[in-house]
Amino acid sequence: MTAQQLTFAELASLMKNGAGISVDPQEMESRPDSTFAEYGLDSLGLLGIVGELENRNGRPMPPDAELCKTPHDFIGLVNTALTAGA
């Protein structure tokens, strides 16, 4: 079974469902240097997203995923892990 890649739209949905933060995925994608803090997501919220992704994919995310500062870094790390595990 091939793992699905995380998209900015899915990350925005996870941020909305997990932390109640509404983010425009196109804006997030177009601003590679923007941080989670700029969108109002703290480390606990990001940890919740990591947990949700682990549950969905049935395997752990990289140990430093919750330390990512930007959505771009997070998506890159998660997708690399998903591709390596596929």
# chains A, B, ... in the order shown; residues from 1 in each chain; ligands from 1
>>> residues_around(residues="region 63-65 of chain A", least_positions_apart="4", cutoff="9 Å", atoms="only C-alpha atoms", output="ChimeraX atom specification")
/A:46-47,50,73-74,77-78
>>> write_last_selection(atoms="N, CA, C and O atoms", output="compact mmCIF listing (two decimals), in the first residue's frame")
# COMPACT_ATOMS: atom_id res chain seq x y z
N LEU A 46 0.95 21.29 17.08
CA LEU A 46 1.71 20.53 16.09
C LEU A 46 1.89 19.09 16.53
O LEU A 46 1.80 18.17 15.72
N LEU A 47 2.08 18.88 17.80
CA LEU A 47 2.20 17.53 18.33
C LEU A 47 0.91 16.74 18.08
O LEU A 47 0.93 15.56 17.74
N VAL A 50 0.91 15.68 14.49
CA VAL A 50 1.82 14.53 14.32
C VAL A 50 1.12 13.25 14.76
O VAL A 50 1.16 12.23 14.06
N ASP A 73 8.78 23.01 5.98
CA ASP A 73 9.71 22.03 6.56
C ASP A 73 8.95 20.79 7.03
O ASP A 73 9.40 19.66 6.82
N PHE A 74 7.81 20.99 7.67
CA PHE A 74 7.01 19.88 8.19
C PHE A 74 6.54 18.98 7.07
O PHE A 74 6.70 17.75 7.14
N LEU A 77 9.45 16.97 5.58
CA LEU A 77 9.90 15.90 6.46
C LEU A 77 8.90 14.74 6.48
O LEU A 77 9.28 13.57 6.36
N VAL A 78 7.63 15.07 6.63
CA VAL A 78 6.59 14.04 6.67
C VAL A 78 6.54 13.27 5.35
O VAL A 78 6.50 12.04 5.34
>>> select_by_dssp(residues="chain A", states="alpha helix (DSSP H)", output="number ranges by chain")
A: 8-19, 25-30, 36-39, 43-57, 71-85
>>> closest_residue(among="A:Asn17, A:Pro32, A:Asp24, A:Leu11", to="His72 (chain A)", atoms="only C-alpha atoms")
A:Pro32
>>> atom_distance(atom1="CA of Phe8 (chain A)", atom2="CA of Pro25 (chain A)")
5.2 Å
>>> closest_residue(among="A:Asp42, A:Asn57, A:Thr35, A:Ile49", to="Thr70 (chain A)", atoms="only C-alpha atoms")
A:Thr35
>>> residues_around(residues="Ser13 (chain A)", least_positions_apart="6", cutoff="12 Å", atoms="only C-alpha atoms", output="list in words")
Leu6, Thr7, Ala19, Gly20, Ile21, Ser22, Val23, Asp24, Pro25, Ile49 and Glu52 of chain A
>>> atom_distance(atom1="CA of Leu82 (chain A)", atom2="CA of Gln4 (chain A)")
7.5 Å
